[in-house]
Number of protein chains: 2
Amino acid sequence: MPDCLFCKIVAGEIPATVVAEDDQVLAFKDINPQAPVHVLVIPKRHIANTATATESDEPLIGHVLRMGCRVAVEAGVDESGFRLVLNRGPDSGEAVPHLHLHVLGGRRLAWPPG
Amino acid sequence: MPDCLFCKIVAGEIPATVVAEDDQVLAFKDINPQAPVHVLVIPKRHIANTATATESDEPLIGHVLRMGCRVAVEAGVDESGFRLVLNRGPDSGEAVPHLHLHVLGGRRLAWPPG
């Protein structure tokens, strides 16, 4: 998608601090971190959000989540714990319309989650 | 899993307010809701958490997420917005070791998410 911020990061047109990558997904640090570990995991292929995803996208979405866990392991927060978050729509504060998973850890995460 | 609370809900041994179901997943109201809409979506098959899930579980995990979106649509919060949350480990407050997706909506959800 030409005007998509995250597609531009995938294409290398906008810099990001990449922490993990494979052929399907990219993981990079959130520029406005809310915890000691705060990484975004996105599919390289443009999917607007979980609500527009189709059944054929399910393996890729599952892969995004598993990569989120791998990021947590590599950041050393898998034992202490971490939270995976997907936002959709105005009430959630969703900012970029390219599916992205927040991985937060490294501190106690309160309940409710916002 | 014999001692798993959520497996017992799937088996009908413990009651729950089911809001959606298919052959793979079950969605039911959280008994301690943190928002006007607060539903849990679980795979019927026992998966401990996202961190123990394997590559072969990815389609099922993706399906759990898509069901979370369907729940949001059916609850009428897809336009206003909603948040999907997965907890793992002590810092996150994870309470039941059977993979479960929180779907929260119906109010403004603050940032950070906990």
# chains A, B, ... in the order shown; residues from 1 in each chain; ligands from 1
call {"tool": "select_by_dssp", "arguments": {"residues": "chain B", "states": "alpha helix (DSSP H)", "output": "MDAnalysis selection string"}}
result
chainID B and resid 5:10 58:74
call {"tool": "residues_around", "arguments": {"residues": "Val96 in chain B", "least_positions_apart": "4", "cutoff": "10 Å", "atoms": "only C-alpha atoms", "output": "mmCIF file with N, CA and C atoms, in the first residue's frame"}}
result
data_model
loop_
_atom_site.group_PDB
_atom_site.id
_atom_site.type_symbol
_atom_site.label_atom_id
_atom_site.label_comp_id
_atom_site.auth_asym_id
_atom_site.auth_seq_id
_atom_site.Cartn_x
_atom_site.Cartn_y
_atom_site.Cartn_z
ATOM 1 N N CYS B 4 -8.260 -28.504 33.933
ATOM 2 C CA CYS B 4 -8.271 -27.174 33.321
ATOM 3 C C CYS B 4 -9.679 -26.581 33.368
ATOM 4 N N LEU B 5 -9.788 -25.404 33.986
ATOM 5 C CA LEU B 5 -11.076 -24.711 34.106
ATOM 6 C C LEU B 5 -11.740 -24.517 32.751
ATOM 7 N N PHE B 6 -10.964 -24.073 31.759
ATOM 8 C CA PHE B 6 -11.579 -23.762 30.465
ATOM 9 C C PHE B 6 -11.930 -25.037 29.686
ATOM 10 N N ALA B 48 -1.833 -24.474 26.003
ATOM 11 C CA ALA B 48 -1.558 -23.782 27.270
ATOM 12 C C ALA B 48 -1.492 -22.277 27.055
ATOM 13 N N ASN B 49 -0.700 -21.846 26.103
ATOM 14 C CA ASN B 49 -0.565 -20.413 25.845
ATOM 15 C C ASN B 49 0.148 -20.205 24.525
ATOM 16 N N ASN B 87 -2.560 -12.541 27.585
ATOM 17 C CA ASN B 87 -1.620 -12.425 28.700
ATOM 18 C C ASN B 87 -0.763 -13.666 28.793
ATOM 19 N N ARG B 88 0.492 -13.462 29.211
ATOM 20 C CA ARG B 88 1.400 -14.583 29.404
ATOM 21 C C ARG B 88 2.315 -14.298 30.588
ATOM 22 N N HIS B 100 -6.374 -17.977 26.046
ATOM 23 C CA HIS B 100 -7.646 -17.259 25.949
ATOM 24 C C HIS B 100 -7.397 -15.816 25.537
#
call {"tool": "residues_around", "arguments": {"residues": "Ile42 in chain B", "least_positions_apart": "4", "cutoff": "7 Å", "atoms": "only C-alpha atoms", "output": "list in words"}}
result
Val25, Leu26, Ala27, Val64, Leu99, His100 and Leu101 of chain B
call {"tool": "closest_residue", "arguments": {"among": "B:Ala20, B:Ser56, B:Pro112, B:Ala72", "to": "Gly93 in chain A", "atoms": "only C-alpha atoms"}}
result
B:Pro112
call {"tool": "residues_around", "arguments": {"residues": "Gly114 in chain B", "least_positions_apart": "5", "cutoff": "12 Å", "atoms": "only C-alpha atoms", "output": "PyMOL selection string"}}
result
(chain A and resi 34-35+82-85+104-105+107-114) or (chain B and resi 34+85+87+91-93+109)
call {"tool": "residues_around", "arguments": {"residues": "Val39 in chain B", "least_positions_apart": "3", "cutoff": "7 Å", "atoms": "only C-alpha atoms", "output": "tab-separated table (two decimals) with N, CA, C and O atoms, in the first residue's frame"}}
result
chain	number	residue	atom	x	y	z
B	27	ALA	N	-16.60	-18.86	22.60
B	27	ALA	CA	-16.52	-17.48	23.12
B	27	ALA	C	-17.57	-17.31	24.20
B	27	ALA	O	-18.73	-17.65	24.00
B	28	PHE	N	-17.15	-16.81	25.35
B	28	PHE	CA	-18.08	-16.65	26.48
B	28	PHE	C	-17.71	-15.41	27.28
B	28	PHE	O	-16.57	-14.93	27.22
B	29	LYS	N	-18.68	-14.89	28.04
B	29	LYS	CA	-18.47	-13.65	28.79
B	29	LYS	C	-17.48	-13.87	29.94
B	29	LYS	O	-17.56	-14.87	30.66
B	30	ASP	N	-16.58	-12.90	30.11
B	30	ASP	CA	-15.68	-12.92	31.27
B	30	ASP	C	-16.52	-12.72	32.54
B	30	ASP	O	-17.40	-11.85	32.57
B	102	HIS	N	-8.78	-12.07	25.30
B	102	HIS	CA	-9.74	-11.11	25.84
B	102	HIS	C	-10.19	-10.17	24.72
B	102	HIS	O	-9.35	-9.62	24.01
B	103	VAL	N	-11.49	-9.98	24.60
B	103	VAL	CA	-12.07	-9.01	23.67
B	103	VAL	C	-12.75	-7.95	24.52
B	103	VAL	O	-13.70	-8.26	25.25
B	104	LEU	N	-12.25	-6.71	24.48
B	104	LEU	CA	-12.81	-5.63	25.30
B	104	LEU	C	-13.29	-4.50	24.40
B	104	LEU	O	-12.59	-4.08	23.48
call {"tool": "select_by_dssp", "arguments": {"residues": "chain B", "states": "strand (DSSP E)", "output": "list in words"}}
result
Val18, Val19, Ala20, Glu21, Val25, Leu26, Ala27, Phe28, Lys29, Val37, His38, Val39, Leu40, Val41, Ile42, Pro43, Phe82, Arg83, Leu84, Val85, Leu86, Asn87, Arg88, Leu101, His102, Val103, Leu104 and Gly105 of chain B
call {"tool": "atom_distance", "arguments": {"atom1": "CA of Val10 in chain A", "atom2": "CA of Lys44 in chain A"}}
result
6.1 Å
call {"tool": "residues_around", "arguments": {"residues": "Asp3 in chain B", "least_positions_apart": "6", "cutoff": "12 Å", "atoms": "only C-alpha atoms", "output": "PDB file with C-alpha atoms, in the first residue's frame"}}
result
ATOM      1  CA  ILE B   9     -16.294 -25.053  30.245  1.00  0.00           C
ATOM      2  CA  ALA B  11     -17.031 -29.901  28.112  1.00  0.00           C
ATOM      3  CA  GLU B  13     -19.053 -29.250  33.151  1.00  0.00           C
ATOM      4  CA  ILE B  14     -18.839 -25.622  34.313  1.00  0.00           C
ATOM      5  CA  HIS B  46      -6.174 -27.367  25.029  1.00  0.00           C
ATOM      6  CA  VAL B  96      -5.850 -19.657  33.585  1.00  0.00           C
ATOM      7  CA  PRO B  97      -3.244 -21.727  31.694  1.00  0.00           C
ATOM      8  CA  HIS B  98      -5.469 -22.402  28.661  1.00  0.00           C
TER       9      HIS B  98
END
call {"tool": "atom_distance", "arguments": {"atom1": "CA of Val71 in chain A", "atom2": "CA of Thr54 in chain A"}}
result
25.2 Å
call {"tool": "closest_residue", "arguments": {"among": "A:Gly68, A:Pro15, A:Gly106, A:Gly62", "to": "chain B", "atoms": "only C-alpha atoms"}}
result
A:Gly62
call {"tool": "closest_residue", "arguments": {"among": "B:His38, B:His63, B:Arg45, B:Lys8", "to": "chain A", "atoms": "only C-alpha atoms"}}
result
B:His63
call {"tool": "atom_distance", "arguments": {"atom1": "CA of Glu94 in chain A", "atom2": "CA of Leu40 in chain A"}}
result
12.8 Å
call {"tool": "decode", "arguments": {"residues": "chain A", "atoms": "C-alpha atoms", "output": "PDB file, in the first residue's frame"}}
result
ATOM      1  CA  MET A   1       0.000   0.000   0.000  1.00  0.00           C
ATOM      2  CA  PRO A   2       1.769   3.171  -1.209  1.00  0.00           C
ATOM      3  CA  ASP A   3       0.730   5.477   1.635  1.00  0.00           C
ATOM      4  CA  CYS A   4       1.040   2.954   4.472  1.00  0.00           C
ATOM      5  CA  LEU A   5       3.641   3.838   7.102  1.00  0.00           C
ATOM      6  CA  PHE A   6       4.309   0.202   7.991  1.00  0.00           C
ATOM      7  CA  CYS A   7       4.541  -0.910   4.355  1.00  0.00           C
ATOM      8  CA  LYS A   8       7.236   1.775   4.008  1.00  0.00           C
ATOM      9  CA  ILE A   9       9.083   0.296   6.987  1.00  0.00           C
ATOM     10  CA  VAL A  10       8.863  -3.170   5.375  1.00  0.00           C
ATOM     11  CA  ALA A  11      10.231  -1.666   2.142  1.00  0.00           C
ATOM     12  CA  GLY A  12      13.100  -0.011   4.035  1.00  0.00           C
ATOM     13  CA  GLU A  13      11.929   3.469   3.041  1.00  0.00           C
ATOM     14  CA  ILE A  14      11.425   4.514   6.670  1.00  0.00           C
ATOM     15  CA  PRO A  15      13.948   3.401   9.293  1.00  0.00           C
ATOM     16  CA  ALA A  16      13.006   1.198  12.223  1.00  0.00           C
ATOM     17  CA  THR A  17      14.899  -0.682  14.924  1.00  0.00           C
ATOM     18  CA  VAL A  18      14.264  -4.229  13.715  1.00  0.00           C
ATOM     19  CA  VAL A  19      14.553  -6.914  16.389  1.00  0.00           C
ATOM     20  CA  ALA A  20      13.353  -9.968  14.432  1.00  0.00           C
ATOM     21  CA  GLU A  21      12.323 -10.832  10.900  1.00  0.00           C
ATOM     22  CA  ASP A  22      11.434 -13.748   8.675  1.00  0.00           C
ATOM     23  CA  ASP A  23       9.904 -14.071   5.209  1.00  0.00           C
ATOM     24  CA  GLN A  24       6.387 -13.300   6.497  1.00  0.00           C
ATOM     25  CA  VAL A  25       6.715 -10.835   9.374  1.00  0.00           C
ATOM     26  CA  LEU A  26       8.810  -7.961  10.730  1.00  0.00           C
ATOM     27  CA  ALA A  27       9.303  -7.015  14.397  1.00  0.00           C
ATOM     28  CA  PHE A  28      10.610  -3.586  15.403  1.00  0.00           C
ATOM     29  CA  LYS A  29      10.694  -1.341  18.462  1.00  0.00           C
ATOM     30  CA  ASP A  30       7.714   0.959  19.092  1.00  0.00           C
ATOM     31  CA  ILE A  31       8.925   4.554  18.771  1.00  0.00           C
ATOM     32  CA  ASN A  32       6.782   5.528  21.774  1.00  0.00           C
ATOM     33  CA  PRO A  33       7.480   2.660  24.184  1.00  0.00           C
ATOM     34  CA  GLN A  34       5.070   2.032  27.049  1.00  0.00           C
ATOM     35  CA  ALA A  35       7.184  -0.604  28.809  1.00  0.00           C
ATOM     36  CA  PRO A  36      10.864  -1.631  28.962  1.00  0.00           C
ATOM     37  CA  VAL A  37      10.072  -4.064  26.147  1.00  0.00           C
ATOM     38  CA  HIS A  38       7.628  -2.696  23.566  1.00  0.00           C
ATOM     39  CA  VAL A  39       7.866  -4.196  20.104  1.00  0.00           C
ATOM     40  CA  LEU A  40       5.465  -4.194  17.163  1.00  0.00           C
ATOM     41  CA  VAL A  41       5.078  -7.288  14.989  1.00  0.00           C
ATOM     42  CA  ILE A  42       3.529  -6.791  11.554  1.00  0.00           C
ATOM     43  CA  PRO A  43       2.840  -9.004   8.555  1.00  0.00           C
ATOM     44  CA  LYS A  44       4.979  -7.884   5.609  1.00  0.00           C
ATOM     45  CA  ARG A  45       1.958  -8.247   3.380  1.00  0.00           C
ATOM     46  CA  HIS A  46      -0.546  -5.433   3.961  1.00  0.00           C
ATOM     47  CA  ILE A  47      -3.519  -6.546   6.054  1.00  0.00           C
ATOM     48  CA  ALA A  48      -5.493  -3.553   7.316  1.00  0.00           C
ATOM     49  CA  ASN A  49      -6.587  -5.117  10.590  1.00  0.00           C
ATOM     50  CA  THR A  50      -7.925  -8.226  12.250  1.00  0.00           C
ATOM     51  CA  ALA A  51     -11.492  -7.251  11.297  1.00  0.00           C
ATOM     52  CA  THR A  52     -10.803  -7.157   7.550  1.00  0.00           C
ATOM     53  CA  ALA A  53      -8.677 -10.317   7.644  1.00  0.00           C
ATOM     54  CA  THR A  54     -10.120 -13.369   5.910  1.00  0.00           C
ATOM     55  CA  GLU A  55      -9.996 -17.062   6.726  1.00  0.00           C
ATOM     56  CA  SER A  56      -7.002 -17.433   4.415  1.00  0.00           C
ATOM     57  CA  ASP A  57      -5.124 -14.904   6.574  1.00  0.00           C
ATOM     58  CA  GLU A  58      -5.502 -17.011   9.738  1.00  0.00           C
ATOM     59  CA  PRO A  59      -2.156 -18.866   9.476  1.00  0.00           C
ATOM     60  CA  LEU A  60      -0.343 -15.549   8.933  1.00  0.00           C
ATOM     61  CA  ILE A  61      -2.090 -13.920  11.899  1.00  0.00           C
ATOM     62  CA  GLY A  62      -1.205 -16.933  14.042  1.00  0.00           C
ATOM     63  CA  HIS A  63       2.372 -16.571  12.843  1.00  0.00           C
ATOM     64  CA  VAL A  64       2.403 -12.896  13.873  1.00  0.00           C
ATOM     65  CA  LEU A  65       1.391 -13.970  17.384  1.00  0.00           C
ATOM     66  CA  ARG A  66       4.021 -16.688  17.570  1.00  0.00           C
ATOM     67  CA  MET A  67       6.644 -14.186  16.449  1.00  0.00           C
ATOM     68  CA  GLY A  68       5.436 -11.922  19.262  1.00  0.00           C
ATOM     69  CA  CYS A  69       6.247 -14.727  21.682  1.00  0.00           C
ATOM     70  CA  ARG A  70       9.655 -15.278  20.083  1.00  0.00           C
ATOM     71  CA  VAL A  71      10.373 -11.570  20.543  1.00  0.00           C
ATOM     72  CA  ALA A  72       9.416 -11.876  24.227  1.00  0.00           C
ATOM     73  CA  VAL A  73      11.747 -14.862  24.654  1.00  0.00           C
ATOM     74  CA  GLU A  74      14.634 -13.058  22.944  1.00  0.00           C
ATOM     75  CA  ALA A  75      14.005  -9.951  25.093  1.00  0.00           C
ATOM     76  CA  GLY A  76      14.178 -12.141  28.208  1.00  0.00           C
ATOM     77  CA  VAL A  77      10.626 -11.460  29.429  1.00  0.00           C
ATOM     78  CA  ASP A  78       9.014 -14.843  28.747  1.00  0.00           C
ATOM     79  CA  GLU A  79       9.460 -15.961  32.378  1.00  0.00           C
ATOM     80  CA  SER A  80       8.468 -12.646  33.974  1.00  0.00           C
ATOM     81  CA  GLY A  81       5.551 -12.288  31.597  1.00  0.00           C
ATOM     82  CA  PHE A  82       4.320 -10.174  28.730  1.00  0.00           C
ATOM     83  CA  ARG A  83       1.120  -8.949  27.072  1.00  0.00           C
ATOM     84  CA  LEU A  84       0.095  -9.112  23.410  1.00  0.00           C
ATOM     85  CA  VAL A  85      -2.327  -6.397  22.262  1.00  0.00           C
ATOM     86  CA  LEU A  86      -4.189  -5.677  19.026  1.00  0.00           C
ATOM     87  CA  ASN A  87      -6.161  -2.437  18.696  1.00  0.00           C
ATOM     88  CA  ARG A  88      -9.084  -1.851  16.372  1.00  0.00           C
ATOM     89  CA  GLY A  89     -11.004   1.383  15.911  1.00  0.00           C
ATOM     90  CA  PRO A  90     -11.230   4.722  17.738  1.00  0.00           C
ATOM     91  CA  ASP A  91     -12.009   3.447  21.266  1.00  0.00           C
ATOM     92  CA  SER A  92      -8.768   1.434  21.172  1.00  0.00           C
ATOM     93  CA  GLY A  93      -6.543   4.248  19.948  1.00  0.00           C
ATOM     94  CA  GLU A  94      -5.576   2.350  16.785  1.00  0.00           C
ATOM     95  CA  ALA A  95      -3.152   4.631  14.963  1.00  0.00           C
ATOM     96  CA  VAL A  96      -1.822   2.882  11.844  1.00  0.00           C
ATOM     97  CA  PRO A  97      -4.189   0.878   9.582  1.00  0.00           C
ATOM     98  CA  HIS A  98      -1.751  -1.990   8.965  1.00  0.00           C
ATOM     99  CA  LEU A  99      -2.260  -4.930  11.315  1.00  0.00           C
ATOM    100  CA  HIS A 100       0.266  -4.707  14.169  1.00  0.00           C
ATOM    101  CA  LEU A 101       0.683  -6.669  17.360  1.00  0.00           C
ATOM    102  CA  HIS A 102       2.025  -4.857  20.424  1.00  0.00           C
ATOM    103  CA  VAL A 103       4.355  -6.945  22.613  1.00  0.00           C
ATOM    104  CA  LEU A 104       4.790  -5.378  26.061  1.00  0.00           C
ATOM    105  CA  GLY A 105       6.894  -6.649  28.927  1.00  0.00           C
ATOM    106  CA  GLY A 106       9.592  -5.905  31.456  1.00  0.00           C
ATOM    107  CA  ARG A 107       7.295  -4.397  34.070  1.00  0.00           C
ATOM    108  CA  ARG A 108       4.096  -5.276  35.910  1.00  0.00           C
ATOM    109  CA  LEU A 109       1.174  -4.759  33.496  1.00  0.00           C
ATOM    110  CA  ALA A 110      -1.980  -3.569  35.260  1.00  0.00           C
ATOM    111  CA  TRP A 111      -5.523  -4.852  34.806  1.00  0.00           C
ATOM    112  CA  PRO A 112      -7.726  -3.765  33.087  1.00  0.00           C
ATOM    113  CA  PRO A 113      -5.582  -3.444  29.964  1.00  0.00           C
ATOM    114  CA  GLY A 114      -6.554   0.181  29.367  1.00  0.00           C
TER     115      GLY A 114
END
